[in-house]
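The block underneath contains the structure these notes are about, expressed in structure tokens.
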Amino acid sequence: MPTYVIGDLQGCRTKLTELLERIHAHCADPRLIFVGDLVNRGPNSLETLREVRELGDTTNVVLGNHDLHLLAVANGIRPQHRTDTLDEILDAPDRDELLDWLRHRPLAILENDHLMVHAGVLPQWTAQQTIALSQEVEQMLQGPDWLDFLRQMYGNQPARWEDRLEGMDRLRCIVNALTRLRFCSADGTMDLATSKGVEIELPGYMRWFDVPGRNTEDTTVVFGHWSTLGLIMRPDIISLDTGCLWGGKLSAVCLDDRSVIQVDCPQYQKPGSI
Ligand SMILES: Nc1ncnc2c1ncn2[C@@H]1O[C@H](COP(=O)(O)OP(=O)(O)OP(=O)(O)OP(=O)(O)OC[C@H]2O[C@@H](n3cnc4c(N)ncnc43)[C@H](O)[C@@H]2O)[C@@H](O)[C@H]1O
């Protein structure tokens, strides 16, 4: 069964349907993995969430920052932002089932030498360690104290990973790397303030996947999150957020032969307005 990984949907449901038709034209029964940000800022978050959930057991999803934001908003932990488009989910009769399903998704998946995460991994982490750290967060998110966890999840500190981190500092650092990371320094100190563009002016900081000697160099890390980066196919990374929401494309890559399927998307949000 070929595996297709699909980039950030952000509620662009009609484009998902179009992409799935294109994938099914190549393969009747693919395994599908979504690299997060299923919802928000786009036009049909509710239908998108329903459609991905209904794809069944051969499909999986890693959680993105907008998916975590939905869980926080739905539980009164965070207010909605001006550009959020989450109301239709919050008002839906099946909201509890949908949110419960979302809360039980992983933050990282390792399959056939490919590591799927929403945003990135820190240079000190191996692929196996990334999975173990992701599972620490998943245990909290799926356990009895998940609302307390969401309440304390926000914030940019600690910016630097250390194995000895404990409690919420440890979990926040893991969540920030897996769901928000773009730039870090060679020692893995994250800059979470810079979200526009593909370069950083801060001396000593670089794109997380350009850190020399990072411990996941021998694994292909497949990720989304960074729409201005666009499609990048390197032996060690595949970047899949091609700005569906911003008038770019929705992309899928087949991990078995590295073929790419893309559909053009209308502009729903104006780049630079957020
Ligand atoms: N632990 C945690 N701590 C804090 N927050 C957490 C959190 N967990 C979840 N969150 C939540 O995360 C959400 C997003 O945070 P934000 O921090 O607001 O997200 P963002 O930078 O806009 O990035 P996004 O993930 O949307 O990425 P994209 O590349 O599409 O967009 C990036 C930028 O690229 C720009 N852009 C896109 N296409 C462009 C183009 N073609 N040209 C120029 N700019 C473009 C856009 O204008 C946009 O500003 C918030 O709701 C927040 O609550």
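Identifiers for the structure tokens are assigned positionally: chains receive A, B, ... in sequence, residues are indexed from 1 per chain, and ligands are indexed from 1 in the order shown.
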
Subject >> Within-9 Å residues of ligand 1, basis only C-alpha atoms and all ligand atoms, as an MDAnalysis selection string >> reply: chainID A and resid 8 10 37 40:41 64:70 72:73 78:81 84 119 150 152:156 172:173 175:176 179:180 192:197 224:229 241:248 269:274

Residues of stretch 1-64 of chain A that approach stretch 103-110 of chain A to 7 Å or less, counting only C-alpha atoms: could you list each one with the shortest pair of atoms and its distance in Å to one decimal, rows by chain and increasing residue number, as a tab-separated table?
```
residue	atom	partner	partner_atom	distance
A:Val61	CA	A:Arg105	CA	6.2
A:Val62	CA	A:Leu107	CA	4.6
A:Leu63	CA	A:Leu107	CA	5.1
```

Can I get the selection written as a CSV table (one decimal), in the first residue's frame, with N, CA and C atoms?
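Result file is selection.csv:
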```
chain,number,residue,atom,x,y,z
A,61,VAL,N,-2.9,11.4,11.3
A,61,VAL,CA,-2.7,12.8,11.3
A,61,VAL,C,-1.7,13.1,12.4
A,62,VAL,N,-0.7,14.0,12.1
A,62,VAL,CA,0.0,14.6,13.3
A,62,VAL,C,-0.6,16.0,13.5
A,63,LEU,N,-0.6,16.3,14.8
A,63,LEU,CA,-1.3,17.6,15.2
A,63,LEU,C,-0.4,18.8,14.9
```

**OP:** List the neighbours of A:Met206 out to 12 Å using only C-alpha atoms; skip same-chain residues closer than 3 positions along the sequence, and give me the result as a ChimeraX atom specification.
**Re:** /A:122-123,181-191,194,198-203,209-212

Requested write-out: C-alpha atoms of the selected residues, as a PDB file, in the first residue's frame:
```pdb
ATOM      1  CA  LEU A 122      15.462  19.915  17.406  1.00  0.00           C
ATOM      2  CA  PRO A 123      19.038  19.135  16.349  1.00  0.00           C
ATOM      3  CA  LEU A 181       9.583  25.509  15.039  1.00  0.00           C
ATOM      4  CA  ARG A 182      11.045  27.318  12.047  1.00  0.00           C
ATOM      5  CA  PHE A 183      14.379  28.755  13.158  1.00  0.00           C
ATOM      6  CA  CYS A 184      16.889  27.698  15.805  1.00  0.00           C
ATOM      7  CA  SER A 185      20.572  28.063  16.612  1.00  0.00           C
ATOM      8  CA  ALA A 186      23.183  25.319  16.305  1.00  0.00           C
ATOM      9  CA  ASP A 187      22.642  24.391  19.954  1.00  0.00           C
ATOM     10  CA  GLY A 188      18.890  24.068  19.328  1.00  0.00           C
ATOM     11  CA  THR A 189      17.715  27.345  20.923  1.00  0.00           C
ATOM     12  CA  MET A 190      14.379  28.097  19.220  1.00  0.00           C
ATOM     13  CA  ASP A 191      13.323  31.484  17.860  1.00  0.00           C
ATOM     14  CA  THR A 194       9.923  35.021  13.567  1.00  0.00           C
ATOM     15  CA  VAL A 198      12.174  32.078   4.928  1.00  0.00           C
ATOM     16  CA  GLU A 199      15.223  33.848   6.327  1.00  0.00           C
ATOM     17  CA  ILE A 200      16.131  35.105   9.775  1.00  0.00           C
ATOM     18  CA  GLU A 201      18.323  38.071  10.588  1.00  0.00           C
ATOM     19  CA  LEU A 202      19.231  36.916  14.098  1.00  0.00           C
ATOM     20  CA  PRO A 203      22.973  36.055  14.060  1.00  0.00           C
ATOM     21  CA  PHE A 209      16.771  21.587   9.051  1.00  0.00           C
ATOM     22  CA  ASP A 210      19.987  23.392   8.072  1.00  0.00           C
ATOM     23  CA  VAL A 211      21.662  22.904  11.465  1.00  0.00           C
ATOM     24  CA  PRO A 212      24.899  21.031  10.689  1.00  0.00           C
TER      25      PRO A 212
END
```

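Neighbouring residues of A:Arg31 at 8 Å or closer, counting only C-alpha atoms and skipping chain neighbours under 2 positions away, are Met1, Pro2, Thr3, Tyr4, Asp29, Ile33, Thr58 and Thr59 of chain A.
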
Any chance you could export the current selection's C-alpha atoms as a PDB file, in the first residue's frame?
```
ATOM      1  CA  MET A   1       0.000   0.000   0.000  1.00  0.00           C
ATOM      2  CA  PRO A   2       1.732   3.273  -1.082  1.00  0.00           C
ATOM      3  CA  THR A   3       1.880   6.053   1.501  1.00  0.00           C
ATOM      4  CA  TYR A   4       0.933   9.594   0.554  1.00  0.00           C
ATOM      5  CA  ASP A  29      -6.149   2.068  -1.576  1.00  0.00           C
ATOM      6  CA  ILE A  33      -0.805  10.772   6.527  1.00  0.00           C
ATOM      7  CA  THR A  58      -5.443   3.590   7.187  1.00  0.00           C
ATOM      8  CA  THR A  59      -5.240   7.363   7.620  1.00  0.00           C
TER       9      THR A  59
END
```

Original post:
Using only C-alpha atoms, which of the listed residues (A:Cys265, A:Leu90, A:Arg22, A:Gly204) sits closest to A:Gly76?
Top reply: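 Under the stated criterion, the closest residue is A:Leu90.
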
Subject >> A:Glu166, A:Glu111, A:Asp57, A:Glu97 ranked by distance to A:Thr219, top pick (using only C-alpha atoms) >> reply: A:Glu111

**OP:** Write out as a VMD selection string the residues lying within 12 Å of A:Ser259, counting only C-alpha atoms and excluding same-chain residues fewer than 5 positions away.
**Re:** chain A and resid 2 to 5 23 26 233 238 251 to 254

Could the residues in this selection be saved with C-alpha atoms as an mmCIF file, in the first residue's frame?
```
data_model
loop_
_atom_site.group_PDB
_atom_site.id
_atom_site.type_symbol
_atom_site.label_atom_id
_atom_site.label_comp_id
_atom_site.auth_asym_id
_atom_site.auth_seq_id
_atom_site.Cartn_x
_atom_site.Cartn_y
_atom_site.Cartn_z
ATOM 1 C CA PRO A 2 1.732 3.273 -1.082
ATOM 2 C CA THR A 3 1.880 6.053 1.501
ATOM 3 C CA TYR A 4 0.933 9.594 0.554
ATOM 4 C CA VAL A 5 1.696 12.461 2.918
ATOM 5 C CA ILE A 23 -4.367 10.276 -5.538
ATOM 6 C CA HIS A 26 -2.921 6.489 -9.101
ATOM 7 C CA MET A 233 12.397 17.759 -1.681
ATOM 8 C CA ILE A 238 10.318 17.077 2.489
ATOM 9 C CA SER A 251 0.412 19.076 -2.086
ATOM 10 C CA ALA A 252 0.821 15.359 -1.531
ATOM 11 C CA VAL A 253 3.979 13.300 -1.887
ATOM 12 C CA CYS A 254 4.129 9.543 -2.345
#
```

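When the distance limit is 12 Å and only C-alpha atoms are what count, the residues near A:Thr14, minus those fewer than 3 positions from it on the same chain, are Leu9, Gln10, Gly11, Thr17, Glu18, Leu19, Leu20, Glu21, Gly42, Pro43, Asn44, Ser45, Leu46, Glu47, Thr48, Glu51, Cys244, Leu245, Leu250, Val263, Asp264, Cys265 and Pro266 of chain A.
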
Any chance you can output those residues with N, CA and C atoms as a PDB file, in the first residue's frame?
```pdb
ATOM      1  N   LEU A   9      -3.981  21.554   5.352  1.00  0.00           N
ATOM      2  CA  LEU A   9      -5.279  21.759   4.687  1.00  0.00           C
ATOM      3  C   LEU A   9      -5.933  23.076   5.098  1.00  0.00           C
ATOM      4  N   GLN A  10      -5.830  23.410   6.372  1.00  0.00           N
ATOM      5  CA  GLN A  10      -6.428  24.637   6.938  1.00  0.00           C
ATOM      6  C   GLN A  10      -7.865  24.871   6.455  1.00  0.00           C
ATOM      7  N   GLY A  11      -8.644  23.811   6.486  1.00  0.00           N
ATOM      8  CA  GLY A  11     -10.072  23.971   6.187  1.00  0.00           C
ATOM      9  C   GLY A  11     -10.412  24.065   4.715  1.00  0.00           C
ATOM     10  N   THR A  17     -10.816  17.182  -1.429  1.00  0.00           N
ATOM     11  CA  THR A  17     -11.567  16.230  -2.245  1.00  0.00           C
ATOM     12  C   THR A  17     -10.899  16.071  -3.612  1.00  0.00           C
ATOM     13  N   GLU A  18     -10.511  17.205  -4.193  1.00  0.00           N
ATOM     14  CA  GLU A  18      -9.849  17.173  -5.513  1.00  0.00           C
ATOM     15  C   GLU A  18      -8.523  16.416  -5.442  1.00  0.00           C
ATOM     16  N   LEU A  19      -7.760  16.672  -4.390  1.00  0.00           N
ATOM     17  CA  LEU A  19      -6.462  15.998  -4.233  1.00  0.00           C
ATOM     18  C   LEU A  19      -6.651  14.493  -4.045  1.00  0.00           C
ATOM     19  N   LEU A  20      -7.643  14.104  -3.238  1.00  0.00           N
ATOM     20  CA  LEU A  20      -7.877  12.675  -2.997  1.00  0.00           C
ATOM     21  C   LEU A  20      -8.288  11.972  -4.295  1.00  0.00           C
ATOM     22  N   GLU A  21      -9.084  12.663  -5.123  1.00  0.00           N
ATOM     23  CA  GLU A  21      -9.458  12.068  -6.426  1.00  0.00           C
ATOM     24  C   GLU A  21      -8.209  11.822  -7.269  1.00  0.00           C
ATOM     25  N   GLY A  42      -9.186  28.795   6.943  1.00  0.00           N
ATOM     26  CA  GLY A  42      -9.764  28.470   5.639  1.00  0.00           C
ATOM     27  C   GLY A  42     -11.282  28.398   5.707  1.00  0.00           C
ATOM     28  N   PRO A  43     -11.933  28.066   4.556  1.00  0.00           N
ATOM     29  CA  PRO A  43     -13.389  28.209   4.460  1.00  0.00           C
ATOM     30  C   PRO A  43     -14.236  27.080   5.041  1.00  0.00           C
ATOM     31  N   ASN A  44     -13.711  25.825   5.152  1.00  0.00           N
ATOM     32  CA  ASN A  44     -14.575  24.692   5.528  1.00  0.00           C
ATOM     33  C   ASN A  44     -13.904  23.783   6.559  1.00  0.00           C
ATOM     34  N   SER A  45     -13.587  24.332   7.711  1.00  0.00           N
ATOM     35  CA  SER A  45     -12.863  23.517   8.699  1.00  0.00           C
ATOM     36  C   SER A  45     -13.691  22.336   9.184  1.00  0.00           C
ATOM     37  N   LEU A  46     -14.995  22.547   9.369  1.00  0.00           N
ATOM     38  CA  LEU A  46     -15.840  21.472   9.894  1.00  0.00           C
ATOM     39  C   LEU A  46     -15.876  20.286   8.920  1.00  0.00           C
ATOM     40  N   GLU A  47     -16.152  20.567   7.653  1.00  0.00           N
ATOM     41  CA  GLU A  47     -16.222  19.490   6.659  1.00  0.00           C
ATOM     42  C   GLU A  47     -14.870  18.830   6.459  1.00  0.00           C
ATOM     43  N   THR A  48     -13.817  19.599   6.580  1.00  0.00           N
ATOM     44  CA  THR A  48     -12.466  19.033   6.428  1.00  0.00           C
ATOM     45  C   THR A  48     -12.199  18.022   7.538  1.00  0.00           C
ATOM     46  N   GLU A  51     -14.256  14.950   7.016  1.00  0.00           N
ATOM     47  CA  GLU A  51     -13.804  14.120   5.883  1.00  0.00           C
ATOM     48  C   GLU A  51     -12.534  13.347   6.257  1.00  0.00           C
ATOM     49  N   CYS A 244      -1.808  26.413   0.515  1.00  0.00           N
ATOM     50  CA  CYS A 244      -3.177  26.195   0.023  1.00  0.00           C
ATOM     51  C   CYS A 244      -4.090  27.369   0.389  1.00  0.00           C
ATOM     52  N   LEU A 245      -3.987  27.758   1.649  1.00  0.00           N
ATOM     53  CA  LEU A 245      -4.839  28.818   2.195  1.00  0.00           C
ATOM     54  C   LEU A 245      -4.589  30.180   1.547  1.00  0.00           C
ATOM     55  N   LEU A 250      -2.238  22.802  -2.799  1.00  0.00           N
ATOM     56  CA  LEU A 250      -2.290  21.734  -1.814  1.00  0.00           C
ATOM     57  C   LEU A 250      -1.465  20.584  -2.389  1.00  0.00           C
ATOM     58  N   VAL A 263      -2.684  20.387  -6.307  1.00  0.00           N
ATOM     59  CA  VAL A 263      -3.843  21.062  -6.906  1.00  0.00           C
ATOM     60  C   VAL A 263      -3.741  22.559  -6.599  1.00  0.00           C
ATOM     61  N   ASP A 264      -4.143  23.364  -7.578  1.00  0.00           N
ATOM     62  CA  ASP A 264      -4.117  24.826  -7.393  1.00  0.00           C
ATOM     63  C   ASP A 264      -5.260  25.243  -6.484  1.00  0.00           C
ATOM     64  N   CYS A 265      -5.026  26.265  -5.673  1.00  0.00           N
ATOM     65  CA  CYS A 265      -6.035  26.698  -4.698  1.00  0.00           C
ATOM     66  C   CYS A 265      -6.352  28.182  -4.873  1.00  0.00           C
ATOM     67  N   PRO A 266      -7.628  28.554  -4.688  1.00  0.00           N
ATOM     68  CA  PRO A 266      -7.948  29.980  -4.707  1.00  0.00           C
ATOM     69  C   PRO A 266      -7.422  30.637  -3.429  1.00  0.00           C
TER      70      PRO A 266
END
```

Subject >> Counting only C-alpha atoms, the option among A:Leu115, A:Val222, A:Leu102, A:Ala28 closest to A:Gln142 >> reply: A:Leu102

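Of note, atom CA of A:Gly7 and atom CA of A:Leu240 are spaced 4.8 Å apart.
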
Subject >> Residue nearest A:Glu217 among A:Arg258, A:Lys249, A:Arg160, A:His114 (counting only C-alpha atoms) >> reply: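 Ranking A:Arg258, A:Lys249, A:Arg160, A:His114 by distance to A:Glu217, first place goes to A:His114.
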
Subject >> Residue nearest A:Ala92 among A:Met140, A:Leu49, A:Leu16, A:Leu133 (counting only C-alpha atoms) >> reply: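 Closest to A:Ala92, using only C-alpha atoms: A:Leu49.
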